[in-house]
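Reproduced below: my_file.txt, with compact mmCIF, C-alpha atoms and all ligand atoms.
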```
# COMPACT_ATOMS: atom_id res chain seq x y z
CA MET A 1 11.75 -30.65 -15.29
CA THR A 2 10.69 -32.02 -11.93
CA GLN A 3 10.08 -30.07 -8.74
CA ASP A 4 13.57 -30.72 -7.48
CA GLY A 5 15.45 -29.85 -10.63
CA ALA A 6 18.21 -27.29 -10.35
CA ARG A 7 19.48 -26.54 -13.84
CA PRO A 8 20.45 -22.92 -14.41
CA GLY A 9 18.11 -20.78 -16.48
CA SER A 10 16.26 -17.50 -16.45
CA GLY A 11 13.46 -19.05 -14.41
CA PHE A 12 11.08 -16.26 -15.39
CA THR A 13 7.62 -17.59 -16.11
CA GLY A 14 5.96 -14.44 -17.37
CA GLY A 15 3.12 -12.22 -16.19
CA ASP A 16 -0.13 -11.13 -17.85
CA ASP A 17 1.75 -11.17 -21.11
CA ASP A 18 5.37 -11.67 -22.03
CA ALA A 19 6.18 -8.00 -22.26
CA GLY A 20 7.64 -7.72 -18.76
CA PRO A 21 6.59 -5.46 -15.88
CA ALA A 22 3.54 -3.33 -16.62
CA SER A 23 4.95 -0.26 -14.86
CA GLY A 24 7.45 0.67 -17.52
CA LEU A 25 10.24 -0.28 -15.11
CA VAL A 26 13.24 -1.24 -17.19
CA LEU A 27 14.87 -4.34 -15.80
CA PRO A 28 18.28 -5.37 -17.06
CA GLY A 29 18.58 -7.94 -19.83
CA PRO A 30 15.96 -10.10 -21.51
CA ALA A 31 13.87 -12.33 -19.29
CA ARG A 32 13.06 -15.64 -20.96
CA PRO A 33 9.41 -16.49 -20.32
CA GLY A 34 8.26 -20.04 -19.89
CA ALA A 35 11.32 -21.50 -18.20
CA ASP A 36 10.94 -23.89 -15.26
CA GLU A 37 14.67 -24.09 -14.59
CA PRO A 38 15.55 -22.31 -11.37
CA VAL A 39 17.73 -19.22 -11.65
CA GLN A 40 21.21 -20.17 -10.51
CA LEU A 41 24.29 -17.97 -10.19
CA ILE A 42 26.43 -20.26 -8.02
CA ASP A 43 26.21 -23.96 -8.76
CA PRO A 44 26.43 -26.72 -6.13
CA SER A 45 30.15 -27.14 -6.73
CA GLY A 46 30.73 -23.47 -5.92
CA VAL A 47 31.26 -22.21 -9.47
CA ARG A 48 29.90 -18.73 -10.28
CA HIS A 49 28.15 -18.67 -13.67
CA PRO A 50 27.45 -15.43 -15.55
CA HIS A 51 23.80 -14.56 -16.12
CA GLY A 52 22.69 -11.92 -18.60
CA HIS A 53 19.51 -10.98 -16.78
CA TYR A 54 20.42 -11.26 -13.11
CA ASP A 55 24.10 -10.30 -12.94
CA PRO A 56 23.35 -6.54 -13.09
CA LEU A 57 21.08 -6.92 -10.07
CA VAL A 58 23.98 -8.19 -7.94
CA ALA A 59 26.78 -6.20 -9.57
CA ASP A 60 27.53 -4.52 -6.21
CA VAL A 61 28.12 -7.86 -4.44
CA ASP A 62 31.89 -7.92 -4.18
CA GLY A 63 34.07 -10.34 -2.22
CA ALA A 64 33.43 -8.60 1.09
CA ALA A 65 29.67 -8.72 0.53
CA LEU A 66 29.87 -12.44 -0.34
CA GLN A 67 31.80 -12.98 2.90
CA LYS A 68 29.05 -11.16 4.81
CA LEU A 69 26.37 -13.40 3.25
CA TYR A 70 28.41 -16.44 4.24
CA GLU A 71 28.80 -15.15 7.81
CA ASP A 72 25.02 -14.59 7.98
CA MET A 73 24.34 -18.17 6.91
CA VAL A 74 26.86 -19.63 9.37
CA VAL A 75 25.37 -17.58 12.20
CA VAL A 76 21.76 -18.51 11.48
CA ARG A 77 22.69 -22.18 11.12
CA ARG A 78 24.28 -21.87 14.54
CA ILE A 79 21.18 -20.15 15.99
CA ASP A 80 19.13 -23.03 14.61
CA ALA A 81 21.42 -25.69 16.12
CA GLU A 82 21.49 -23.93 19.50
CA ALA A 83 17.69 -23.64 19.60
CA THR A 84 17.37 -27.32 18.65
CA ALA A 85 19.74 -28.19 21.52
CA LEU A 86 17.75 -26.00 23.92
CA GLN A 87 14.60 -27.89 22.94
CA ARG A 88 16.31 -31.24 23.47
CA GLN A 89 17.44 -30.04 26.91
CA GLY A 90 13.84 -29.25 27.86
CA GLU A 91 14.21 -25.48 27.71
CA LEU A 92 11.83 -25.05 24.75
CA ALA A 93 8.59 -26.92 24.11
CA LEU A 94 9.16 -27.07 20.34
CA TRP A 95 11.42 -25.70 17.62
CA PRO A 96 10.94 -25.57 13.80
CA PRO A 97 14.43 -25.97 12.27
CA LEU A 98 15.44 -24.11 9.11
CA LEU A 99 18.49 -26.28 8.35
CA GLY A 100 19.04 -26.21 4.56
CA GLN A 101 16.95 -23.08 3.97
CA GLU A 102 19.60 -20.53 4.99
CA ALA A 103 20.31 -19.24 1.47
CA ALA A 104 16.64 -18.69 0.61
CA GLN A 105 16.09 -16.72 3.81
CA ILE A 106 19.34 -14.75 3.94
CA GLY A 107 19.39 -13.99 0.20
CA SER A 108 15.83 -12.66 0.25
CA GLY A 109 16.05 -11.12 3.73
CA ARG A 110 19.15 -9.09 2.87
CA ALA A 111 17.40 -7.64 -0.20
CA LEU A 112 14.78 -5.91 1.95
CA ARG A 113 14.69 -2.31 3.10
CA SER A 114 14.01 -1.56 6.76
CA ASP A 115 10.65 0.06 5.90
CA ASP A 116 9.45 -3.06 4.04
CA PHE A 117 7.19 -5.27 6.15
CA VAL A 118 7.53 -9.04 6.51
CA PHE A 119 4.69 -11.50 7.14
CA SER A 120 6.19 -14.94 7.75
CA SER A 121 5.38 -18.40 9.01
CA TYR A 122 7.18 -20.06 11.95
CA ARG A 123 10.33 -21.17 10.08
CA GLU A 124 11.71 -17.78 8.97
CA ASN A 125 14.07 -17.23 11.88
CA ALA A 126 16.90 -16.23 9.52
CA VAL A 127 14.66 -13.53 8.06
CA ALA A 128 13.93 -12.32 11.60
CA TYR A 129 17.70 -12.24 12.16
CA CYS A 130 18.08 -10.03 9.05
CA ARG A 131 15.39 -7.72 10.45
CA GLY A 132 17.45 -7.28 13.62
CA VAL A 133 15.28 -9.25 16.01
CA ASP A 134 16.38 -9.42 19.62
CA LEU A 135 17.69 -12.98 19.75
CA ALA A 136 15.78 -14.11 22.84
CA ASP A 137 12.54 -12.89 21.24
CA ILE A 138 12.87 -15.65 18.61
CA LEU A 139 12.54 -18.21 21.41
CA ARG A 140 9.90 -16.55 23.59
CA VAL A 141 6.87 -18.29 22.07
CA TRP A 142 8.55 -21.70 21.88
CA ARG A 143 9.44 -21.43 25.59
CA GLY A 144 5.84 -20.61 26.43
CA ASN A 145 7.04 -17.35 27.89
CA ALA A 146 4.77 -15.01 25.89
CA SER A 147 1.93 -15.20 23.38
CA SER A 148 4.10 -13.63 20.71
CA GLY A 149 7.76 -12.86 20.40
CA TRP A 150 8.14 -9.19 19.61
CA ASP A 151 6.45 -5.89 18.80
CA PRO A 152 6.03 -6.12 14.99
CA TYR A 153 6.70 -2.41 14.52
CA THR A 154 10.13 -2.53 16.14
CA ILE A 155 11.53 -4.63 13.28
CA ASN A 156 8.75 -4.30 10.66
CA MET A 157 8.01 -8.00 10.79
CA ALA A 158 4.81 -9.55 12.06
CA THR A 159 5.20 -12.29 14.64
CA PRO A 160 5.26 -15.80 13.13
CA GLN A 161 1.99 -17.18 11.78
CA VAL A 162 1.15 -20.80 12.57
CA ILE A 163 -2.12 -20.89 10.62
CA ILE A 164 -0.78 -22.09 7.29
CA GLY A 165 -0.94 -19.38 4.63
CA ALA A 166 -2.95 -16.81 6.63
CA GLN A 167 -0.03 -14.36 6.58
CA THR A 168 -0.33 -13.96 2.80
CA LEU A 169 -3.71 -12.26 3.29
CA HIS A 170 -2.23 -9.99 5.94
CA ALA A 171 0.59 -9.07 3.56
CA THR A 172 -1.75 -8.29 0.69
CA GLY A 173 -3.95 -6.17 2.95
CA TYR A 174 -0.89 -4.32 4.21
CA ALA A 175 0.30 -3.80 0.63
CA MET A 176 -3.08 -2.30 -0.30
CA GLY A 177 -2.51 0.07 2.63
CA ILE A 178 0.87 1.02 1.18
CA ILE A 179 -0.92 2.08 -2.02
CA ASN A 180 -3.33 4.19 0.02
CA ASP A 181 -0.42 5.82 1.83
CA GLY A 182 1.39 6.56 -1.43
CA ALA A 183 4.53 4.92 0.01
CA ASP A 184 7.09 2.87 -1.91
CA SER A 185 7.69 0.17 0.68
CA VAL A 186 6.81 -3.47 -0.01
CA ALA A 187 5.04 -6.23 1.93
CA VAL A 188 6.88 -9.54 1.70
CA THR A 189 5.25 -12.78 2.72
CA TYR A 190 6.98 -16.11 3.31
CA PHE A 191 5.24 -19.48 3.20
CA GLY A 192 5.92 -23.10 2.31
CA ASP A 193 5.02 -25.31 -0.63
CA GLY A 194 2.20 -26.89 1.37
CA ALA A 195 0.67 -23.48 2.01
CA THR A 196 0.02 -23.00 -1.71
CA SER A 197 -2.86 -25.49 -1.34
CA GLN A 198 -4.60 -23.18 1.11
CA GLY A 199 -7.51 -20.99 0.03
CA ASP A 200 -5.92 -18.06 1.87
CA VAL A 201 -2.86 -18.02 -0.38
CA ASN A 202 -4.97 -18.17 -3.53
CA GLU A 203 -7.31 -15.45 -2.28
CA ALA A 204 -4.31 -13.30 -1.40
CA MET A 205 -3.03 -13.64 -4.97
CA VAL A 206 -6.41 -12.69 -6.47
CA PHE A 207 -6.51 -9.50 -4.39
CA ALA A 208 -2.83 -8.73 -4.97
CA ALA A 209 -3.29 -8.98 -8.74
CA SER A 210 -6.59 -7.09 -8.74
CA TYR A 211 -5.10 -4.14 -6.87
CA GLN A 212 -1.57 -4.51 -8.29
CA ALA A 213 -0.49 -4.46 -4.68
CA PRO A 214 3.21 -4.09 -3.82
CA VAL A 215 3.60 -7.54 -2.32
CA VAL A 216 6.20 -10.24 -2.89
CA PHE A 217 5.06 -13.83 -2.38
CA PHE A 218 8.14 -15.80 -1.33
CA CYS A 219 7.44 -19.54 -1.36
CA GLN A 220 10.15 -21.76 0.07
CA ASN A 221 9.52 -25.06 -1.65
CA ASN A 222 11.36 -27.24 0.85
CA HIS A 223 9.78 -30.34 -0.70
CA TRP A 224 7.75 -31.45 2.30
CA ALA A 225 4.62 -30.27 4.09
CA ILE A 226 5.31 -32.28 7.24
CA SER A 227 5.06 -35.81 5.75
CA GLU A 228 3.42 -34.89 2.42
CA PRO A 229 5.85 -34.58 -0.52
CA VAL A 230 5.39 -31.53 -2.73
CA GLY A 231 4.68 -33.66 -5.80
CA LEU A 232 1.40 -34.81 -4.29
CA GLN A 233 -0.21 -31.38 -4.54
CA ALA A 234 1.92 -29.77 -7.25
CA HIS A 235 1.95 -31.65 -10.55
CA VAL A 236 3.65 -28.73 -12.24
CA PRO A 237 6.21 -26.37 -10.70
CA ILE A 238 4.53 -24.16 -8.10
CA ALA A 239 5.82 -21.00 -9.82
CA ARG A 240 3.66 -21.81 -12.85
CA ARG A 241 0.48 -21.18 -10.85
CA ALA A 242 1.00 -17.47 -10.21
CA PRO A 243 0.76 -16.31 -13.87
CA GLY A 244 -2.76 -17.75 -13.82
CA PHE A 245 -3.58 -15.03 -11.30
CA GLY A 246 -1.83 -12.43 -13.46
CA ILE A 247 1.26 -12.44 -11.25
CA PRO A 248 4.72 -12.84 -12.81
CA SER A 249 6.75 -15.54 -11.15
CA VAL A 250 10.26 -16.86 -11.00
CA ARG A 251 11.84 -20.15 -9.88
CA VAL A 252 15.15 -19.74 -8.16
CA ASP A 253 17.69 -22.17 -6.76
CA GLY A 254 16.84 -21.68 -3.11
CA ASN A 255 20.24 -22.99 -2.03
CA ASP A 256 22.04 -20.25 -3.97
CA VAL A 257 22.14 -17.16 -1.77
CA LEU A 258 23.25 -14.84 -4.57
CA ALA A 259 20.46 -15.93 -6.92
CA CYS A 260 17.91 -15.50 -4.11
CA LEU A 261 19.23 -11.98 -3.49
CA ALA A 262 18.98 -11.14 -7.22
CA VAL A 263 15.43 -12.37 -7.81
CA THR A 264 14.16 -10.75 -4.62
CA ARG A 265 15.74 -7.42 -5.57
CA GLU A 266 14.02 -7.60 -8.94
CA ALA A 267 10.65 -8.36 -7.34
CA LEU A 268 11.06 -5.52 -4.83
CA ALA A 269 12.00 -3.08 -7.61
CA ARG A 270 8.91 -4.10 -9.57
CA ALA A 271 6.66 -3.61 -6.53
CA ARG A 272 8.19 -0.24 -5.56
CA SER A 273 7.73 1.18 -9.03
CA GLY A 274 4.04 0.27 -9.30
CA GLY A 275 4.59 -2.99 -11.17
CA GLY A 276 2.54 -5.01 -8.69
CA PRO A 277 3.11 -8.39 -7.08
CA THR A 278 5.68 -11.07 -7.89
CA PHE A 279 5.71 -14.73 -6.89
CA ILE A 280 9.07 -16.31 -6.12
CA GLU A 281 9.44 -20.08 -5.76
CA ALA A 282 12.75 -20.82 -4.03
CA VAL A 283 13.53 -24.48 -4.69
CA THR A 284 15.23 -25.68 -1.54
CA TYR A 285 15.11 -28.55 0.94
CA ARG A 286 14.28 -29.01 4.61
CA MET A 287 17.23 -31.11 5.79
CA GLY A 288 15.94 -31.48 9.34
CA PRO A 289 12.59 -32.53 10.77
CA HIS A 290 9.44 -30.41 10.32
CA THR A 291 9.72 -29.57 14.01
CA THR A 292 11.55 -31.19 16.90
CA ALA A 293 8.36 -33.24 17.43
CA ASP A 294 8.69 -34.86 13.99
CA ASP A 295 10.67 -37.91 12.82
CA PRO A 296 11.32 -37.66 9.05
CA THR A 297 12.94 -41.11 8.93
CA ARG A 298 9.39 -42.48 9.07
CA TYR A 299 8.41 -40.99 5.71
CA ARG A 300 11.56 -39.83 3.88
CA ASP A 301 14.04 -41.81 1.79
CA PRO A 302 17.53 -41.22 3.26
CA ASN A 303 18.96 -41.03 -0.29
CA GLU A 304 16.91 -37.90 -0.90
CA LEU A 305 18.52 -36.20 2.08
CA GLU A 306 21.95 -37.29 0.86
CA ASP A 307 21.27 -35.79 -2.61
CA TRP A 308 20.26 -32.46 -1.11
CA ALA A 309 23.11 -32.40 1.41
CA ALA A 310 25.37 -32.31 -1.66
CA ARG A 311 23.67 -29.02 -2.59
CA ASP A 312 24.22 -27.48 0.85
CA PRO A 313 23.89 -23.69 0.61
CA LEU A 314 26.79 -22.98 2.97
CA ALA A 315 29.21 -25.44 1.41
CA ARG A 316 28.82 -24.04 -2.10
CA LEU A 317 29.48 -20.46 -1.02
CA ALA A 318 32.46 -21.61 1.05
CA THR A 319 33.88 -23.31 -2.04
CA LEU A 320 33.40 -20.15 -4.11
CA LEU A 321 35.02 -17.98 -1.42
CA ASP A 322 37.91 -20.42 -1.21
CA SER A 323 38.45 -20.24 -4.97
CA LEU A 324 38.59 -16.43 -4.64
CA GLY A 325 41.14 -16.63 -1.81
CA LEU A 326 38.53 -15.28 0.63
CA LEU A 327 38.34 -18.19 3.05
CA GLU A 328 41.54 -17.63 5.00
CA ALA A 329 41.83 -18.76 8.61
CA ASP A 330 41.57 -15.27 10.13
CA TYR A 331 38.23 -14.78 8.36
CA THR A 332 36.80 -18.22 9.22
CA ASP A 333 38.00 -17.83 12.84
CA ALA A 334 36.18 -14.50 13.07
CA VAL A 335 32.99 -16.02 11.62
CA LYS A 336 33.16 -18.90 14.08
CA ALA A 337 33.72 -16.49 16.97
CA ARG A 338 30.69 -14.45 15.90
CA ALA A 339 28.51 -17.61 15.66
CA ASP A 340 29.70 -18.72 19.11
CA ALA A 341 28.92 -15.30 20.59
CA VAL A 342 25.45 -15.21 19.04
CA ALA A 343 24.70 -18.75 20.27
CA ALA A 344 25.84 -17.81 23.79
CA GLU A 345 23.66 -14.69 23.73
CA LEU A 346 20.69 -16.76 22.53
CA ARG A 347 21.15 -19.36 25.29
CA GLU A 348 21.63 -16.72 27.98
CA GLY A 349 18.56 -14.82 26.75
CA CYS A 350 16.49 -18.01 26.87
CA LEU A 351 17.56 -19.14 30.32
CA SER A 352 17.26 -15.71 31.91
CA MET A 353 13.72 -14.90 30.73
CA PRO A 354 11.63 -13.88 33.74
CA GLU A 355 8.76 -16.35 34.28
CA PRO A 356 5.43 -14.76 33.35
CA ALA A 357 2.70 -14.57 36.00
CA PRO A 358 -0.03 -17.22 35.42
CA SER A 359 -2.63 -14.50 34.89
CA ASP A 360 -0.55 -12.97 32.07
CA VAL A 361 -2.43 -15.22 29.62
CA PHE A 362 -5.32 -12.77 30.01
CA ARG A 363 -3.23 -9.77 29.01
CA HIS A 364 -3.20 -8.45 25.43
CA VAL A 365 -6.23 -10.54 24.39
CA TYR A 366 -8.36 -7.43 23.88
CA SER A 367 -7.11 -3.87 23.58
CA ALA A 368 -9.88 -2.57 25.88
CA PRO A 369 -11.34 -3.93 29.16
CA HIS A 370 -13.60 -6.93 28.54
CA SER A 371 -16.02 -8.01 31.27
CA GLU A 372 -16.18 -11.70 30.28
CA LEU A 373 -12.40 -11.98 30.29
CA GLU A 374 -12.21 -10.15 33.63
CA ARG A 375 -14.66 -12.68 35.07
CA GLN A 376 -12.53 -15.58 33.79
CA GLN A 377 -9.39 -13.98 35.21
CA ASP A 378 -11.04 -13.47 38.58
CA HIS A 379 -12.13 -17.14 38.70
CA TYR A 380 -8.66 -18.31 37.71
CA GLU A 381 -6.95 -16.16 40.33
CA ARG A 382 -9.28 -17.43 43.04
CA TYR A 383 -8.60 -20.99 41.90
CA LEU A 384 -4.84 -20.41 42.09
CA SER A 385 -5.04 -18.77 45.52
CA SER A 386 -6.98 -21.79 46.83
CA PHE A 387 -3.67 -23.67 46.81
CA ASP A 388 -2.34 -21.19 49.40
CA GLN A 389 -5.22 -21.84 51.86
CA PRO A 390 -4.62 -24.30 54.69
CA ALA A 391 -6.53 -27.51 53.95
CA GLN A 392 -9.83 -27.69 55.88
CA GLU A 393 -10.78 -30.56 58.17
CA GLY A 394 -12.60 -33.25 56.27
CA HIS A 395 -11.06 -32.21 52.97
CA ARG A 396 -7.65 -33.77 53.35
C1 LIG B 1 -4.71 -23.91 8.33
C2 LIG B 1 -3.78 -24.96 8.88
N1 LIG B 1 -3.94 -26.25 8.49
C3 LIG B 1 -3.10 -27.21 8.97
C4 LIG B 1 -2.11 -26.88 9.86
C5 LIG B 1 -1.16 -27.95 10.38
N2 LIG B 1 0.17 -27.78 9.78
C6 LIG B 1 1.19 -27.23 10.46
S1 LIG B 1 2.59 -27.15 9.55
C7 LIG B 1 1.85 -27.87 8.22
C8 LIG B 1 2.62 -28.13 6.93
C9 LIG B 1 3.09 -26.85 6.28
O1 LIG B 1 3.93 -27.16 5.20
P1 LIG B 1 4.51 -26.03 4.27
O2 LIG B 1 3.47 -25.01 3.96
O3 LIG B 1 5.17 -26.68 3.11
O4 LIG B 1 5.61 -25.28 5.20
P2 LIG B 1 6.91 -25.85 5.90
O5 LIG B 1 6.49 -26.29 7.29
O6 LIG B 1 7.44 -26.97 5.08
O7 LIG B 1 7.86 -24.71 5.99
C10 LIG B 1 0.53 -28.17 8.50
C11 LIG B 1 -0.40 -28.84 7.56
C12 LIG B 1 -1.99 -25.52 10.25
N3 LIG B 1 -1.06 -25.12 11.09
N4 LIG B 1 -2.82 -24.58 9.74
```

Write-out of the structure in structure tokens:
Amino acid sequence: MTQDGARPGSGFTGGDDDAGPASGLVLPGPARPGADEPVQLIDPSGVRHPHGHYDPLVADVDGAALQKLYEDMVVVRRIDAEATALQRQGELALWPPLLGQEAAQIGSGRALRSDDFVFSSYRENAVAYCRGVDLADILRVWRGNASSGWDPYTINMATPQVIIGAQTLHATGYAMGIINDGADSVAVTYFGDGATSQGDVNEAMVFAASYQAPVVFFCQNNHWAISEPVGLQAHVPIARRAPGFGIPSVRVDGNDVLACLAVTREALARARSGGGPTFIEAVTYRMGPHTTADDPTRYRDPNELEDWAARDPLARLATLLDSLGLLEADYTDAVKARADAVAAELREGCLSMPEPAPSDVFRHVYSAPHSELERQQDHYERYLSSFDQPAQEGHR
């Protein structure tokens, strides 16, 4: 099975042994260790397949809940398109599109509890949406309006990490804190396939396994680390690495929102009940550029994009809803109206952000007064005020 395979299977690749979670947590059905096939509940043609292990974990997802997941994906795709347009219109310096990764982010994001804590990279804007982020805050950093977008404690999600993989260490540290507190919340960290080459991610897994920390490692294998294909660094499926650290792992079809919800719920249940970390590899695809500064046509075969477009996460759920009689015009009109309203709110929030004062770059660097920084700020303010002075004779 290659990295981009998508045959249905249990996907469970086992933990320290094949006996299942160490905590005594009883999970429904038999997991089948050793499988590389991604877990799939809805196939690319929109057909729902029964699954002995994972169906009980999504037994509550009725037609209305499926419609809500579809609405979420439509809305975040629209947020992504609007932000891309804002960048093209010169309103943002840069934007990292998530096009194609909606199911991985909505499926996992909707499994979380509000007291769980997310540590993400820059591409998890759909997860931030699930956390209830103020829409304009998603854009703040990319507009150069603030050093970070939001107060992490308002939505229990750290601001996006640009240092590849560093957030996995933060998540593991936070999860060790959860143990100390005796709480049953979970730290969830999102990162890409490329990040799994980083020392930070591997160190985070060593600590997570050593302390049996309640942390979920959610890897979105979108097949590219900028221009490097995943096969260059991963000669076996990425999910197979985690058991080497003593962490059970699962491969899931990252374009199947229901399967992503199911595997994330299982991982969260394991963590909450003392069963330790889980590694999830969501096999998906970045259909757009790495960022708006990137041109994938320079390194990517257009046929590959065509193949993955046929596995579009929104299209397959739409087909399933249609087959259930749940894609009537009044519903799709309401979804479109909601996406339009969210996009308008995002644009308005972006364009109406008050400009920061130039000296704001010195704020929030240290929590306490810092004489060296104060000296730099003083110099900078005197430099800026020099532009207000009338030019002196001889210096024109
Ligand atoms: C420590 C570090 N090294 C290199 C970079 C430059 N860089 C930015 S994005 C990126 C690729 C990341 O790919 P992946 O982890 O697969 O995530 P994706 O962008 O595909 O979501 C790299 C190497 C960085 N930001 N941080």

Nearest to ligand LIG 1 (chain B): which of A:Ile179, A:Leu99, A:Leu314, A:Ile106 is it, counting only C-alpha atoms and all ligand atoms?
-> A:Leu99

For chain A versus ligand LIG 1 (chain B), which residues have an atom no more than 8 Å away, and what is each residue's nearest atom pair and distance in Å rounded to one decimal, using all atoms listed in the file, chain-then-number order, as CSV?
```
residue,atom,partner,partner_atom,distance
A:Pro96,CA,B:LIG1,O5,7.9
A:Ser121,CA,B:LIG1,O7,7.4
A:Tyr122,CA,B:LIG1,O7,7.6
A:Arg123,CA,B:LIG1,O7,5.9
A:Val162,CA,B:LIG1,N3,5.1
A:Ile163,CA,B:LIG1,N4,3.9
A:Ile164,CA,B:LIG1,N4,4.0
A:Gly165,CA,B:LIG1,C1,7.0
A:Ala166,CA,B:LIG1,C1,7.5
A:Phe191,CA,B:LIG1,O2,5.9
A:Gly192,CA,B:LIG1,O2,3.5
A:Asp193,CA,B:LIG1,O3,4.0
A:Gly194,CA,B:LIG1,O2,3.4
A:Ala195,CA,B:LIG1,O2,3.7
A:Thr196,CA,B:LIG1,O2,6.9
A:Gln198,CA,B:LIG1,C1,7.3
A:Gln220,CA,B:LIG1,O7,7.0
A:Asn221,CA,B:LIG1,O3,6.6
A:Asn222,CA,B:LIG1,O6,5.8
A:His223,CA,B:LIG1,O3,7.0
A:Trp224,CA,B:LIG1,O6,5.3
A:Ala225,CA,B:LIG1,O1,3.4
A:Ile226,CA,B:LIG1,C8,5.0
A:Val230,CA,B:LIG1,O3,7.6
A:Arg286,CA,B:LIG1,O6,7.2
A:His290,CA,B:LIG1,O5,5.9
```

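Taking atom CA of Phe245 of chain A as the reference point, atom CA of Tyr211 of chain A is found at 11.9 Å.
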
Choose the residue, out of A:Val58, A:Val283, A:Ala136, A:Cys350, that has the smallest atom-to-atom separation from Asp256 of chain A; count only C-alpha atoms.
->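 Smallest separation from Asp256 of chain A among the options: A:Val283.
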
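Considering only C-alpha atoms, the residue among A:Gln389, A:Ala262, A:Arg77, A:Gly144 positioned nearest to His51 of chain A is A:Ala262.
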
Pick from A:Leu351, A:Met157, A:Val250, A:Arg272: nearest to Leu92 of chain A, with all atoms listed in the file counted?
-> A:Leu351

Step by step: start from the point (6.7, -12.8, -9.4) in the file's coordinates, keep every protein, DNA or RNA residue that has an atom no farther than 8 Å from it, count only C-alpha atoms, and write the set as a list in words.
->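 Checking each residue against the 8 Å limit leaves Gly15, Val216, Phe217, Ala242, Ile247, Pro248, Ser249, Val250, Ala267, Pro277, Thr278, Phe279 and Ile280 of chain A.
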
Extract, using all atoms listed in the file, all DNA, RNA and protein residues at most 12 Å from Pro152 of chain A, discarding same-chain residues fewer than 4 positions from it, and format them as a list in words.
->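 In the requested format, the answer is Asp115, Asp116, Phe117, Val118, Phe119, Ser120, Ala128, Arg131, Gly132, Val133, Asp134, Asp137, Ser148, Asn156, Met157, Ala158, Thr159 and Pro160 of chain A.
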
Leaving out Pro296 of chain A and any residue of its chain fewer than 2 positions from it, which residues lie within 12 Å of it when counting all atoms listed in the file, given as a ChimeraX atom specification?
-> /A:224-229,286-294,298-302,304-305

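Atom to atom, atom CA of Met205 of chain A and atom CA of Glu124 of chain A stand 20.7 Å apart.
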
Would you mind telling me which residue in A:Leu268, A:Ala310, A:Val74, A:Leu258 lies nearest to Thr332 of chain A when using only C-alpha atoms?
->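 Looking only at the distances to Thr332 of chain A, the closest residue turns out to be A:Val74.
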
Gap from atom CA of Asp388 of chain A to atom CA of Glu372 of chain A - Å, one decimal | 25.4 Å
